[in-house]
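K.L.:
Before anything else, here's the structure in question.
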Amino acid sequence: MRILILGSGVVGVTSAYYLAREGHEVTVIDRQPAAGMETSFANAGQVSPGYSAPWAAPGIPIKALKWLMMKHSPLVLHPLMDTSLYAWVARMLANCTEDAYARNKGRMVRIAEYSRDRLDDLRQATGIQYDHRTEGTLQLFRTQKQLDHVVDDTRVLDASNVPYAVLDPAGCIAAEPALAHAAVPFVGGLRLPGDQTGDAHIFTQRLAAIAAELGVTFRQGVTIQALRHEAGRITGVVTSEGEFTADAYVVALGSYSVALLRPLGINLPIYPVKGYSITVPITDEHAAPHSTVMDETYKVAITRLGDRIRVGGTAELAGFNLNLSSPRRATLEKSVGDLFPAGGDVSRATFWTGLRPMTPDGTPIIGPTKLSNLWTNTGHGTLGWTMACGSGRVLADLMSGRKPDIETDDFAASRYTSAA
């Protein structure tokens, strides 16, 4: 089957790899000059099944109001004349119940755990290198209140058989020795030993090269303009270089999927949530993290990537604005400075921002649409890197007519028009 994939981020490229392995003739189209140049470029670096959880959770509305009052807030809301933003927020708030949280987290952990295992398989099969480590994640709590609420997450981890350990301060230092030099106190942490780290940009570009060896064609620097359709099927993709046709089509354009699909009557509840990162050169490897430390107070992930520290965080609701914000950088610098004050030179850090395609229930949208030859693989939010391999494998199975290894019906866009 001839398949066109729209988007060459980590999700689009993993989809191309798995579909090519199934023997399909795959072409990937993207406006960027190379793969992995947008949201996949400088994300937090976590492959974190254990930390997969929806933003929509009991208590979040009250927490959000408190966050908005913080100087170094993990949440920033810009007052925009944007009806899609307020519709998305309303749907997210509707998911802030205990039942919805348990259901949505269960979905997310299911695809994330499966994805981590597929990443392990892929690494073994290809030998791909991407500054990866397999030393787990430590969610660090600065306050007793944060630690007391850890049971909310461990309940779902228990149900999904995800290994974890709740640690006291000494246990946190044993897991991440450089925390012994932290400039602030902390009361404990949640250790997730099955989590991993790695540079998503390096992975995406190297996997694109592997996919090309399997026969995948990459058409970079091509702007996608519209999808043509007739009689319930896509008939072609209109681009800056003419029209492309195939037997089947996959939309993997992250936040930009919405505008492309809306004219077809497919309204995906995805909103671009702006995130930031700094990449800090390590000056003392013994004072830097071994793997990932998640600073729960500021919702900032601090990850070791080779000779660099990637510090990522902030959820800014600002539409498609890609301007860099100095206050957001200050928050990232504060978090890494508090916990790893001697690990790297923040004055030499590079600063980046990207748009994370968030759904109101936190779960990605993977699977068929109402058009018979159109599929989606999008809406992964902050977890595109974590879920990429599993999402690509699931999509390849579905498009090849094979039953996936995990349940996938509740990943499809149809869940937004059903009671599920």
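Here, A, B, ... name the chains of the structure tokens in the order displayed, residue numbers run from 1 inside each chain, and ligands are numbered from 1 in the same displayed order.
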In range 327-370 of chain A, what's strand (DSSP E) per DSSP? Answer as number ranges by chain?
P.N.:
A: 350-358, 365-368
K.L.:
Residues of range 311-384 of chain A within 8 Å of range 287-300 of chain A: nearest atom pair and distance (Å, one decimal) for each, counting only C-alpha atoms, sorted by chain and number, as a Markdown table?
P.N.:
| residue | atom | partner | partner_atom | distance |
| --- | --- | --- | --- | --- |
| A:Val311 | CA | A:Val300 | CA | 6.8 |
| A:Gly312 | CA | A:Val300 | CA | 5.6 |
| A:Gly313 | CA | A:Val300 | CA | 4.5 |
| A:Thr314 | CA | A:Lys299 | CA | 7.0 |
| A:Thr331 | CA | A:Tyr298 | CA | 7.7 |
| A:Leu332 | CA | A:Val300 | CA | 6.9 |
| A:Ser335 | CA | A:Val300 | CA | 7.0 |
| A:Phe340 | CA | A:Ala288 | CA | 6.1 |
| A:Pro341 | CA | A:Ala287 | CA | 7.7 |
| A:Ala342 | CA | A:Ala287 | CA | 5.7 |
| A:Gly343 | CA | A:Ala288 | CA | 4.2 |
| A:Gly344 | CA | A:Ala288 | CA | 7.1 |
K.L.:
Find the nearest atom pair between each residue of range 285-359 of chain A and range 52-60 of chain A for residues within 12 Å, count only C-alpha atoms, give distances in Å to one decimal, sort rows by chain and ascending number, and present the table as CSV.
P.N.:
residue,atom,partner,partner_atom,distance
A:Lys299,CA,A:Trp55,CA,11.2
A:Ala315,CA,A:Trp55,CA,10.3
A:Met358,CA,A:Trp55,CA,9.5
A:Thr359,CA,A:Pro54,CA,9.1
K.L.:
I'd like the contact shell of Ala231 in chain A - 10 Å cut-off, only C-alpha atoms, skipping same-chain residues fewer than 4 positions apart - returned as a PDB file with N, CA and C atoms, in the first residue's frame.
P.N.:
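The file below, part_4.pdb, is the result:
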ATOM      1  N   THR A 235      -8.417  12.090  -1.629  1.00  0.00           N
ATOM      2  CA  THR A 235      -7.952  11.823  -2.996  1.00  0.00           C
ATOM      3  C   THR A 235      -6.585  12.432  -3.276  1.00  0.00           C
ATOM      4  N   LEU A 371     -13.213   9.308   7.384  1.00  0.00           N
ATOM      5  CA  LEU A 371     -12.844   9.104   5.984  1.00  0.00           C
ATOM      6  C   LEU A 371     -12.065   7.791   5.886  1.00  0.00           C
ATOM      7  N   SER A 372     -12.441   6.946   4.966  1.00  0.00           N
ATOM      8  CA  SER A 372     -12.005   5.547   4.995  1.00  0.00           C
ATOM      9  C   SER A 372     -10.507   5.339   4.856  1.00  0.00           C
TER      10      SER A 372
END
K.L.:
I'd like the contact shell of Ile173 in chain A - 12 Å cut-off, only C-alpha atoms, skipping same-chain residues fewer than 5 positions apart - returned as a list in words.
P.N.:
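So the residues in contact are Leu138, Leu140, Leu167, Asp168, Ala178, Leu179, Ala180, His181, Ala182, Pro185, Phe186, Val187, Gly188, Gly189, Arg191, Ala287, Pro289, His290, Val293, Leu339 and Phe340 of chain A.
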K.L.:
I'd like to know which of A:Ala20, A:Trp67, A:Phe320, A:Pro357 is closest to Glu213 in chain A, using only C-alpha atoms.
P.N.:
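Under the stated criterion, the closest residue is A:Ala20.
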K.L.:
Between A:Ala259, A:Thr126, A:Ile282, A:Leu190, single out the one closest to Asp148 in chain A, counting only C-alpha atoms.
P.N.:
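Selected residue with least distance to Asp148 in chain A: A:Leu190.
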K.L.:
Could you state the separation of CA of Arg110 in chain A and CA of Asn267 in chain A in Å, given to one decimal place?
P.N.:
24.8 Å
K.L.:
Kindly give the distance, in Å, that separates CA of Thr204 in chain A and CA of Val13 in chain A, rounded to a single decimal.
P.N.:
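Rounded to one decimal, the two atoms are 6.6 Å apart.
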K.L.:
Please list as an MDAnalysis selection string every residue within 9 Å of Gln205 in chain A, counting only C-alpha atoms and excluding residues in the same chain fewer than 2 positions away.
P.N.:
chainID A and resid 10 13 34:36 200:203 207:210
K.L.:
From the set A:Pro360, A:Pro269, A:Pro263, A:Gly337, which residue has the shortest atom-to-atom contact distance to Ala183 in chain A, counting only C-alpha atoms?
P.N.:
A:Gly337
K.L.:
Within range 24-144 of chain A, find each residue whose DSSP state, derived from the backbone, is helix (DSSP H, G or I), and express the selection as a PyMOL selection string.
P.N.:
chain A and resi 49-51+60-68+83-94+98-126+144
K.L.:
In terms of the shortest atom-to-atom distance over only C-alpha atoms, which of A:Pro163, A:Pro74, A:Gly242, A:Gly254 is closest to Pro193 in chain A?
P.N.:
A:Pro163
K.L.:
Which residues come within 6 Å of Thr223 in chain A, counting only C-alpha atoms, excluding same-chain residues fewer than 6 positions away, as number ranges by chain?
P.N.:
A: 31, 239-240
K.L.:
Got a sec: who's within 12 Å of Thr39 in chain A, counting only C-alpha atoms, leaving out chain neighbours fewer than 4 positions off, as a PyMOL selection string?
P.N.:
chain A and resi 7-12+32+35+43-45+200-201+204+252-256+272-277+322+352-357+378-385
K.L.:
Output N, CA and C atoms for every residue in that selection, as a CSV table (one decimal), in the first residue's frame.
P.N.:
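result.csv written:
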chain,number,residue,atom,x,y,z
A,7,GLY,N,4.0,15.0,8.3
A,7,GLY,CA,4.7,15.4,9.5
A,7,GLY,C,5.9,14.5,9.8
A,8,SER,N,7.1,15.1,10.0
A,8,SER,CA,8.3,14.4,10.2
A,8,SER,C,8.9,14.6,11.6
A,9,GLY,N,8.0,14.8,12.6
A,9,GLY,CA,8.5,14.8,14.0
A,9,GLY,C,8.7,13.4,14.4
A,10,VAL,N,8.9,13.2,15.7
A,10,VAL,CA,9.2,11.9,16.2
A,10,VAL,C,8.1,10.9,16.0
A,11,VAL,N,6.8,11.4,16.0
A,11,VAL,CA,5.7,10.5,15.8
A,11,VAL,C,5.5,10.2,14.4
A,12,GLY,N,5.7,11.1,13.5
A,12,GLY,CA,5.6,10.8,12.0
A,12,GLY,C,6.7,9.9,11.6
A,32,GLN,N,9.5,21.5,7.2
A,32,GLN,CA,10.9,21.8,7.7
A,32,GLN,C,11.9,21.1,6.9
A,35,ALA,N,14.0,16.2,9.5
A,35,ALA,CA,13.1,15.6,10.5
A,35,ALA,C,13.4,16.1,11.9
A,43,ASN,N,12.9,18.9,23.4
A,43,ASN,CA,12.0,18.7,24.5
A,43,ASN,C,12.7,18.2,25.7
A,44,ALA,N,12.0,17.8,26.8
A,44,ALA,CA,12.6,17.5,28.1
A,44,ALA,C,13.5,16.3,28.1
A,45,GLY,N,13.3,15.4,27.1
A,45,GLY,CA,14.2,14.2,27.0
A,45,GLY,C,13.7,13.0,27.7
A,200,ALA,N,15.4,13.3,21.8
A,200,ALA,CA,14.4,13.0,20.8
A,200,ALA,C,14.8,13.5,19.4
A,201,HIS,N,15.5,14.6,19.3
A,201,HIS,CA,15.9,15.2,18.0
A,201,HIS,C,16.9,14.3,17.3
A,204,THR,N,15.1,11.1,16.3
A,204,THR,CA,14.3,11.2,15.1
A,204,THR,C,15.1,11.3,13.8
A,252,ALA,N,0.1,13.5,11.1
A,252,ALA,CA,1.0,13.4,12.3
A,252,ALA,C,1.6,14.8,12.4
A,253,LEU,N,0.8,15.8,12.4
A,253,LEU,CA,1.3,17.2,12.4
A,253,LEU,C,1.2,17.9,13.7
A,254,GLY,N,1.0,17.1,14.8
A,254,GLY,CA,0.9,17.8,16.1
A,254,GLY,C,-0.2,18.8,16.2
A,255,SER,N,0.2,20.0,16.7
A,255,SER,CA,-0.8,21.0,16.9
A,255,SER,C,-1.4,21.5,15.6
A,256,TYR,N,-0.7,21.3,14.5
A,256,TYR,CA,-1.1,21.8,13.2
A,256,TYR,C,-2.1,20.9,12.5
A,272,PRO,N,-2.5,23.9,21.2
A,272,PRO,CA,-1.0,24.0,21.3
A,272,PRO,C,-0.6,24.6,22.6
A,273,VAL,N,0.0,23.8,23.5
A,273,VAL,CA,0.5,24.2,24.8
A,273,VAL,C,2.0,24.5,24.7
A,274,LYS,N,2.3,25.7,24.8
A,274,LYS,CA,3.7,26.1,24.6
A,274,LYS,C,4.6,25.7,25.8
A,275,GLY,N,5.7,25.0,25.4
A,275,GLY,CA,6.7,24.6,26.4
A,275,GLY,C,8.0,25.2,26.1
A,276,TYR,N,8.9,25.3,27.1
A,276,TYR,CA,10.2,25.9,27.0
A,276,TYR,C,11.3,24.9,27.5
A,277,SER,N,12.5,25.1,27.0
A,277,SER,CA,13.6,24.3,27.5
A,277,SER,C,14.9,25.2,27.4
A,322,LEU,N,5.3,31.7,19.1
A,322,LEU,CA,6.6,31.1,19.4
A,322,LEU,C,7.7,32.0,19.9
A,352,TRP,N,14.9,27.5,24.0
A,352,TRP,CA,14.1,27.0,22.9
A,352,TRP,C,12.6,27.0,23.4
A,353,THR,N,11.7,27.0,22.4
A,353,THR,CA,10.3,26.8,22.7
A,353,THR,C,9.6,26.0,21.6
A,354,GLY,N,8.6,25.3,22.0
A,354,GLY,CA,7.9,24.5,21.1
A,354,GLY,C,6.4,24.3,21.5
A,355,LEU,N,5.6,23.9,20.6
A,355,LEU,CA,4.1,23.7,20.8
A,355,LEU,C,3.8,22.3,21.0
A,356,ARG,N,3.2,21.9,22.1
A,356,ARG,CA,2.9,20.5,22.4
A,356,ARG,C,1.4,20.3,22.2
A,357,PRO,N,1.0,19.4,21.4
A,357,PRO,CA,-0.4,19.2,21.0
A,357,PRO,C,-1.2,18.4,22.1
A,378,THR,N,-1.6,11.8,16.5
A,378,THR,CA,-1.3,13.1,16.9
A,378,THR,C,-1.9,13.3,18.3
A,379,GLY,N,-1.7,14.5,18.9
A,379,GLY,CA,-2.3,14.9,20.2
A,379,GLY,C,-1.6,14.2,21.4
A,380,HIS,N,-0.3,14.0,21.3
A,380,HIS,CA,0.4,13.4,22.4
A,380,HIS,C,0.9,14.3,23.5
A,381,GLY,N,0.6,15.6,23.4
A,381,GLY,CA,0.9,16.6,24.4
A,381,GLY,C,2.4,16.6,24.7
A,382,THR,N,2.7,16.5,26.0
A,382,THR,CA,4.1,16.5,26.5
A,382,THR,C,4.8,15.2,26.4
A,383,LEU,N,4.1,14.2,25.9
A,383,LEU,CA,4.6,12.8,25.9
A,383,LEU,C,4.8,12.2,24.5
A,384,GLY,N,5.0,13.0,23.5
A,384,GLY,CA,5.2,12.5,22.2
A,384,GLY,C,6.4,11.6,22.1
A,385,TRP,N,7.5,12.0,22.8
A,385,TRP,CA,8.7,11.2,22.8
A,385,TRP,C,8.5,9.9,23.5
K.L.:
In terms of the shortest atom-to-atom distance over only C-alpha atoms, which of A:Tyr114, A:Phe218, A:Tyr101, A:Tyr164 is closest to Val150 in chain A?
P.N.:
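Looking at the shortest contact to Val150 in chain A, the residue is A:Tyr164.
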K.L.:
Which residue is closest to Asp338 in chain A? Choose from A:Arg142, A:Gly265, A:Val28, A:Glu241 and count only C-alpha atoms.
P.N.:
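Under the stated criterion, the closest residue is A:Arg142.
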